[in-house]
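Visitor: Here it is: the structure, laid out below.
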Amino acid sequence: RGGDRKHLPPGPPGVPILGNLPQVVGVPQLWHTFDKWRYEYGPLTYLNMVGKDVMVLNSKAAAMELLERRSATYSDRPRSIVAEYIGSRMAIPFARYGKSWQNMRRAAHAVLNARVSSQYHAVQAEEAIILAHGLLYDKSSTLLEKINGSASTVISVVYGKRSLSSEKKDQVTVDLDEDLHLPESDPLQSLCNIGHRFTSSLYPGAYLVEVLPILDYIPAAMARWKRNAQKDYGRISETFHKFYNDAVRNDQQRTSLCASLADSQLATALTNAEKAWVTGSISVAALETTSTTLSFFLYAMIQHPIVQEQAQKELDRVVGRLRCPNFTDMAHLPYMRAIVKEVLRWQPAIPLVVPRMAMEDDWYEGRFIPKGTAIILNLWSMNRDRDVYGPDVDLFRPERFLQESEKEGEYALRTEYENEDGHCSFGFGRRGCVGKYVADNALFIDMATILWALRIEPEAFKAAENPATQKPTKDLVNPIPDFQCRFIPRFTEAETILQHLKEDVLQGRNNED
Ligand code: HEM
């Protein structure tokens, strides 16, 4: 093995003992640092973190080979001491590979796969109406509040039509040293905060104990990080149980994921606690990813009014102005579908994914990957691979997924993207995003409904002169830029139709009670 280690991939030189730790600890938006390194070191960048092997995986080709074709070797997550105290063993996205994860994943797949995901079309279309209506009329919430609330599309799928509603939503901030804030009045905020508790604790270099596991022997009474993590586990568990039990009791229609799990034969392998954690952790995985992507969509639209106009031309031609878009229009709206793909490519919600672990010694293109290596998936760089997307990777340009159609001024999706994402933002292989069909559908119907009804304009600043800034973050989630926009009805009927449909949705929900 000593000889093999001479063939480790290249990486930035580190310092004695600590290795590359000082180049990583405390650095915000690490995906930018890793992106720079990839031009120097190639598809795999080697880092030594106090003697621990870590590699950053930067190219789609390498990810396809290792994570898809050799997925049996790369489906585990490395042990994270802090995340385990918080409950990662029970949470699908963070759990180690094994029987318990397999049972949870199987149950999640059964209710989220491509075929079943069409069952959620109706509730997704309803939520899209509520979102577009709220963007236009709800003056009591900020844009960010509306966007956070908008992700309830996904939450309705998990917890039912009487989805968890929020009374007040703040921008999510979780300080590792502060108490986990789980406001009872605001379940969506609680789920976001739980998600950040995990994703910030898994950010490279977040806790010293991860690279010096001996620190785990310090008793909880003397280690605040451990006390906090143990306390948070109890509170998260209680929250997930409450949401699950309420949903099973209240979802008379039995359409929600919770009700499916409660009724399903498939879920018999799961304990009640696992069911609560499966649904809780799926919501956590779904919520901020979807709302972050929707935020970047709005941001892209104010920066690119021509893209907006092009999409609206397509919507007018295919849908007309007498009804809202629906899922049967999807196949006829290639420009809209290209916008969904381009937002996901341009700004992946999770630029650095929760790492994988090599379960065996392995080789890639003459480079040695020792067993136990933590592999950080750098989706940011994969989505900006110039060999795949051309030199304009930093630009938002949906046309990259399109070709001219036979009819002048119209587009068709390039055939290779009909059944392919065209981006890497859902990850790879056995641990790839299990909710990607539900996510794609929610994003499509939300974006199409908004663009059909509304024109989106920048507020208070000219985007080109005063670009919005992103807060520095030490979290795996891509922070939403600080921007404001306003919404204007595109035509009179849009307002009337939105108003009627929203009333119908609320009326329908009241009748179900
Ligand atoms: C724009 C929306 C979304 C994005 C960008 C996204 C992205 C991701 C990524 C990058 C991963 C890790 C993949 C890997 O390790 O290779 C993941 C995992 C996961 N996602 Fe999503 N996701 C989205 C929406 C959703 C939705 C709507 C759901 C559920 C309804 C969901 C459920 C999950 C779950 C349960 C996992 C863990 C899978 C596992 O470890 O086995 N996600 N997602």
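Residue numbering restarts at 1 in every chain; chains get A, B, ... in the order shown in the structure tokens, and ligands count up from 1 in that same order.
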Around ligand 1, at most 6 Å away and counting only C-alpha atoms and all ligand atoms, which residues are there? Put them as a list in words, please.
Guide: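 Within the 6 Å cut-off, the matching residues are Ile92, Pro93, Arg105, Val154, Ile282, Ala285, Ala286, Thr289, Thr290, Thr293, Pro348, Ala349, Ile350, Val353, Ser425, Phe426, Gly427, Phe428, Arg431, Gly432, Cys433, Val434, Gly435, Lys436, Val438 and Ala439 of chain A.
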Visitor: Could you save those same residues with N, CA and C atoms as a compact mmCIF listing (two decimals), in the first residue's frame?
Guide:
```
# COMPACT_ATOMS: atom_id res chain seq x y z
N ILE A 92 -31.87 9.68 5.83
CA ILE A 92 -31.39 9.06 4.58
C ILE A 92 -30.19 9.80 3.97
N PRO A 93 -30.21 11.12 3.84
CA PRO A 93 -29.11 11.74 3.10
C PRO A 93 -27.76 11.59 3.79
N ARG A 105 -34.23 3.96 1.99
CA ARG A 105 -34.13 4.38 0.58
C ARG A 105 -35.20 3.68 -0.27
N VAL A 154 -43.32 21.02 -2.00
CA VAL A 154 -42.71 19.74 -1.72
C VAL A 154 -43.22 19.19 -0.39
N ILE A 282 -36.50 13.50 4.44
CA ILE A 282 -36.82 13.79 3.04
C ILE A 282 -37.27 15.25 2.92
N ALA A 285 -34.33 17.40 3.05
CA ALA A 285 -33.56 17.34 1.80
C ALA A 285 -34.28 18.08 0.68
N ALA A 286 -35.63 18.12 0.77
CA ALA A 286 -36.40 18.70 -0.32
C ALA A 286 -36.55 20.21 -0.20
N THR A 289 -33.32 22.90 -0.86
CA THR A 289 -32.83 22.70 -2.23
C THR A 289 -33.82 23.33 -3.22
N THR A 290 -35.12 23.07 -2.99
CA THR A 290 -36.12 23.58 -3.92
C THR A 290 -36.24 25.10 -3.81
N THR A 293 -33.28 26.85 -5.38
CA THR A 293 -33.32 26.82 -6.84
C THR A 293 -34.35 27.82 -7.38
N PRO A 348 -26.13 25.21 -8.58
CA PRO A 348 -26.60 24.02 -7.86
C PRO A 348 -26.90 24.37 -6.41
N ALA A 349 -28.04 23.85 -5.90
CA ALA A 349 -28.42 24.18 -4.52
C ALA A 349 -27.40 23.68 -3.52
N ILE A 350 -26.77 22.54 -3.85
CA ILE A 350 -25.75 21.99 -2.95
C ILE A 350 -24.46 21.83 -3.76
N VAL A 353 -21.45 18.21 -2.17
CA VAL A 353 -22.39 17.24 -1.60
C VAL A 353 -21.78 16.57 -0.38
N SER A 425 -26.59 18.41 -10.68
CA SER A 425 -27.04 18.94 -9.38
C SER A 425 -27.84 17.96 -8.54
N PHE A 426 -28.22 16.82 -9.11
CA PHE A 426 -28.92 15.81 -8.29
C PHE A 426 -27.97 14.70 -7.83
N GLY A 427 -26.68 14.84 -8.07
CA GLY A 427 -25.73 13.82 -7.61
C GLY A 427 -25.74 12.59 -8.49
N PHE A 428 -25.16 11.50 -7.94
CA PHE A 428 -24.90 10.33 -8.78
C PHE A 428 -25.18 9.02 -8.05
N ARG A 431 -26.65 6.86 -4.23
CA ARG A 431 -26.96 7.91 -3.27
C ARG A 431 -27.46 9.17 -3.95
N GLY A 432 -27.68 9.12 -5.27
CA GLY A 432 -28.18 10.29 -5.99
C GLY A 432 -29.54 10.70 -5.44
N CYS A 433 -30.00 11.88 -5.78
CA CYS A 433 -31.24 12.43 -5.23
C CYS A 433 -32.43 11.55 -5.55
N VAL A 434 -33.08 11.05 -4.51
CA VAL A 434 -34.23 10.15 -4.71
C VAL A 434 -35.48 10.97 -5.04
N GLY A 435 -35.41 12.28 -4.78
CA GLY A 435 -36.59 13.12 -5.02
C GLY A 435 -36.51 13.92 -6.30
N LYS A 436 -35.59 13.53 -7.22
CA LYS A 436 -35.34 14.42 -8.36
C LYS A 436 -36.54 14.56 -9.30
N VAL A 438 -39.78 14.46 -8.40
CA VAL A 438 -40.70 15.37 -7.71
C VAL A 438 -40.15 16.80 -7.78
N ALA A 439 -38.85 16.94 -7.61
CA ALA A 439 -38.23 18.27 -7.64
C ALA A 439 -38.37 18.89 -9.02
```
Visitor: Any idea what's packed within 9 Å of A:Cys192, counting only C-alpha atoms, ignoring anything in its chain fewer than 5 positions away? Could you give it as a PyMOL selection string?
Guide: chain A and resi 148+172+187+197+283-284+287-288
Visitor: Assign secondary structure with DSSP using the backbone only, and return the residues of stretch 178-333 of chain A in alpha helix (DSSP H) as JSON, numbers by chain.
Guide: {"A": [187, 188, 189, 190, 191, 192, 193, 194, 195, 196, 197, 198, 199, 200, 201, 224, 225, 226, 227, 228, 229, 230, 231, 232, 233, 234, 235, 236, 237, 238, 239, 240, 241, 242, 243, 244, 245, 246, 247, 248, 249, 250, 257, 258, 259, 260, 261, 262, 263, 272, 273, 274, 275, 276, 277, 278, 279, 280, 281, 282, 283, 284, 285, 286, 287, 288, 289, 290, 291, 292, 293, 294, 295, 296, 297, 298, 299, 300, 301, 302, 303, 305, 306, 307, 308, 309, 310, 311, 312, 313, 314, 315, 316, 317, 318]}
Visitor: Any chance you could tabulate, as a Markdown table, the residues of stretch 259-363 of chain A at most 9 Å from stretch 117-131 of chain A with each one's nearest atom pair and distance in Å to one decimal, using only C-alpha atoms, in chain and rising number order?
Guide:
```
| residue | atom | partner | partner_atom | distance |
| --- | --- | --- | --- | --- |
| A:Cys324 | CA | A:Ile129 | CA | 8.6 |
| A:Pro325 | CA | A:Ala125 | CA | 8.7 |
| A:Asn326 | CA | A:Ala125 | CA | 6.9 |
| A:Phe327 | CA | A:His121 | CA | 7.1 |
```
Visitor: Between A:Tyr217, A:Glu68, A:Asp482, A:Leu30, which one has atoms that come closest to A:Gln470, using only C-alpha atoms?
Guide: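 Of all the options, A:Asp482 lies closest to A:Gln470.
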Visitor: Excluding A:Pro398 and its own-chain neighbours fewer than 4 positions away, which residues fall within 6 Å of it when counting only C-alpha atoms? Please give them as a PDB file with N, CA and C atoms, in the first residue's frame.
Guide:
```
ATOM      1  N   ALA A 338     -35.802  23.915 -20.556  1.00  0.00           N
ATOM      2  CA  ALA A 338     -34.375  24.280 -20.603  1.00  0.00           C
ATOM      3  C   ALA A 338     -34.045  25.277 -19.494  1.00  0.00           C
ATOM      4  N   ILE A 339     -35.002  26.148 -19.155  1.00  0.00           N
ATOM      5  CA  ILE A 339     -34.758  27.099 -18.047  1.00  0.00           C
ATOM      6  C   ILE A 339     -34.565  26.320 -16.743  1.00  0.00           C
ATOM      7  N   GLU A 342     -31.171  24.834 -16.785  1.00  0.00           N
ATOM      8  CA  GLU A 342     -30.072  25.805 -16.716  1.00  0.00           C
ATOM      9  C   GLU A 342     -29.951  26.421 -15.311  1.00  0.00           C
TER      10      GLU A 342
END
```
Visitor: Hey, what does DSSP flag as strand (DSSP E) within stretch 288-435 of chain A? Can you give it to me as a list in words?
Guide: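 Matching residues for strand (DSSP E) in stretch 288-435 of chain A are Leu352, Val353, Val354, Pro355, Arg356, Met357, Asp362, Trp363, Tyr364, Arg367, Phe368, Ile369, Ala374, Ile375, Ile376, Leu377, Asn378, Leu402, Gln403, Glu404, Tyr411, Ala412 and Leu413 of chain A.
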Visitor: Suppose we keep N, CA and C atoms; can you now write the selection as an mmCIF file, in the first residue's frame?
Guide:
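Below you can see result_24.cif, which holds the result:
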```
data_model
loop_
_atom_site.group_PDB
_atom_site.id
_atom_site.type_symbol
_atom_site.label_atom_id
_atom_site.label_comp_id
_atom_site.auth_asym_id
_atom_site.auth_seq_id
_atom_site.Cartn_x
_atom_site.Cartn_y
_atom_site.Cartn_z
ATOM 1 N N LEU A 352 -21.376 21.502 -2.939
ATOM 2 C CA LEU A 352 -20.529 20.419 -2.417
ATOM 3 C C LEU A 352 -21.444 19.445 -1.695
ATOM 4 N N VAL A 353 -21.453 18.209 -2.171
ATOM 5 C CA VAL A 353 -22.394 17.243 -1.602
ATOM 6 C C VAL A 353 -21.776 16.566 -0.382
ATOM 7 N N VAL A 354 -22.647 16.151 0.534
ATOM 8 C CA VAL A 354 -22.215 15.336 1.682
ATOM 9 C C VAL A 354 -21.286 14.243 1.132
ATOM 10 N N PRO A 355 -20.058 14.138 1.660
ATOM 11 C CA PRO A 355 -19.075 13.258 1.012
ATOM 12 C C PRO A 355 -19.469 11.784 0.954
ATOM 13 N N ARG A 356 -18.851 11.096 0.030
ATOM 14 C CA ARG A 356 -18.926 9.626 -0.064
ATOM 15 C C ARG A 356 -17.637 9.066 0.531
ATOM 16 N N MET A 357 -17.607 7.723 0.681
ATOM 17 C CA MET A 357 -16.371 7.114 1.167
ATOM 18 C C MET A 357 -16.008 5.916 0.299
ATOM 19 N N ASP A 362 -8.957 1.546 -4.581
ATOM 20 C CA ASP A 362 -9.392 1.625 -5.981
ATOM 21 C C ASP A 362 -8.387 2.475 -6.785
ATOM 22 N N TRP A 363 -8.509 2.411 -8.090
ATOM 23 C CA TRP A 363 -7.647 3.189 -8.989
ATOM 24 C C TRP A 363 -8.513 3.928 -9.986
ATOM 25 N N TYR A 364 -8.115 5.160 -10.308
ATOM 26 C CA TYR A 364 -8.785 5.883 -11.388
ATOM 27 C C TYR A 364 -7.734 6.589 -12.237
ATOM 28 N N ARG A 367 -4.380 6.751 -10.855
ATOM 29 C CA ARG A 367 -4.268 7.372 -9.525
ATOM 30 C C ARG A 367 -4.894 6.454 -8.482
ATOM 31 N N PHE A 368 -4.217 6.363 -7.328
ATOM 32 C CA PHE A 368 -4.644 5.452 -6.268
ATOM 33 C C PHE A 368 -5.645 6.137 -5.331
ATOM 34 N N ILE A 369 -6.739 5.437 -5.022
ATOM 35 C CA ILE A 369 -7.739 5.950 -4.069
ATOM 36 C C ILE A 369 -7.789 4.952 -2.910
ATOM 37 N N ALA A 374 -12.373 9.964 2.034
ATOM 38 C CA ALA A 374 -13.623 10.739 1.925
ATOM 39 C C ALA A 374 -13.605 11.448 0.576
ATOM 40 N N ILE A 375 -14.681 11.263 -0.198
ATOM 41 C CA ILE A 375 -14.733 11.862 -1.530
ATOM 42 C C ILE A 375 -15.750 12.999 -1.516
ATOM 43 N N ILE A 376 -15.271 14.208 -1.712
ATOM 44 C CA ILE A 376 -16.187 15.357 -1.736
ATOM 45 C C ILE A 376 -16.620 15.586 -3.184
ATOM 46 N N LEU A 377 -17.919 15.543 -3.435
ATOM 47 C CA LEU A 377 -18.418 15.764 -4.806
ATOM 48 C C LEU A 377 -18.533 17.266 -5.043
ATOM 49 N N ASN A 378 -17.734 17.755 -5.970
ATOM 50 C CA ASN A 378 -17.747 19.187 -6.256
ATOM 51 C C ASN A 378 -18.655 19.439 -7.467
ATOM 52 N N LEU A 402 -30.826 23.569 -26.074
ATOM 53 C CA LEU A 402 -31.841 23.614 -27.127
ATOM 54 C C LEU A 402 -31.234 23.596 -28.520
ATOM 55 N N GLN A 403 -32.086 23.239 -29.481
ATOM 56 C CA GLN A 403 -31.697 23.413 -30.884
ATOM 57 C C GLN A 403 -32.853 24.131 -31.583
ATOM 58 N N GLU A 404 -32.532 24.770 -32.711
ATOM 59 C CA GLU A 404 -33.589 25.444 -33.488
ATOM 60 C C GLU A 404 -34.585 24.394 -33.950
ATOM 61 N N TYR A 411 -38.045 26.573 -30.502
ATOM 62 C CA TYR A 411 -36.935 25.705 -30.104
ATOM 63 C C TYR A 411 -37.410 24.278 -29.880
ATOM 64 N N ALA A 412 -36.460 23.347 -29.909
ATOM 65 C CA ALA A 412 -36.730 21.967 -29.475
ATOM 66 C C ALA A 412 -35.608 21.594 -28.509
ATOM 67 N N LEU A 413 -35.938 20.760 -27.529
ATOM 68 C CA LEU A 413 -34.896 20.312 -26.604
ATOM 69 C C LEU A 413 -33.924 19.427 -27.374
#
```
Visitor: Please identify all polymer residues within 12 Å of A:Tyr299, counting only C-alpha atoms, omitting same-chain residues fewer than 4 positions from it, and present them as JSON, numbers by chain.
Guide: {"A": [143, 144, 147, 292, 293, 294, 295, 303, 304, 305, 308, 343, 346, 347, 396, 456, 457, 458, 459, 463, 467, 468, 469, 470, 480, 481, 482, 483, 484, 485, 486]}
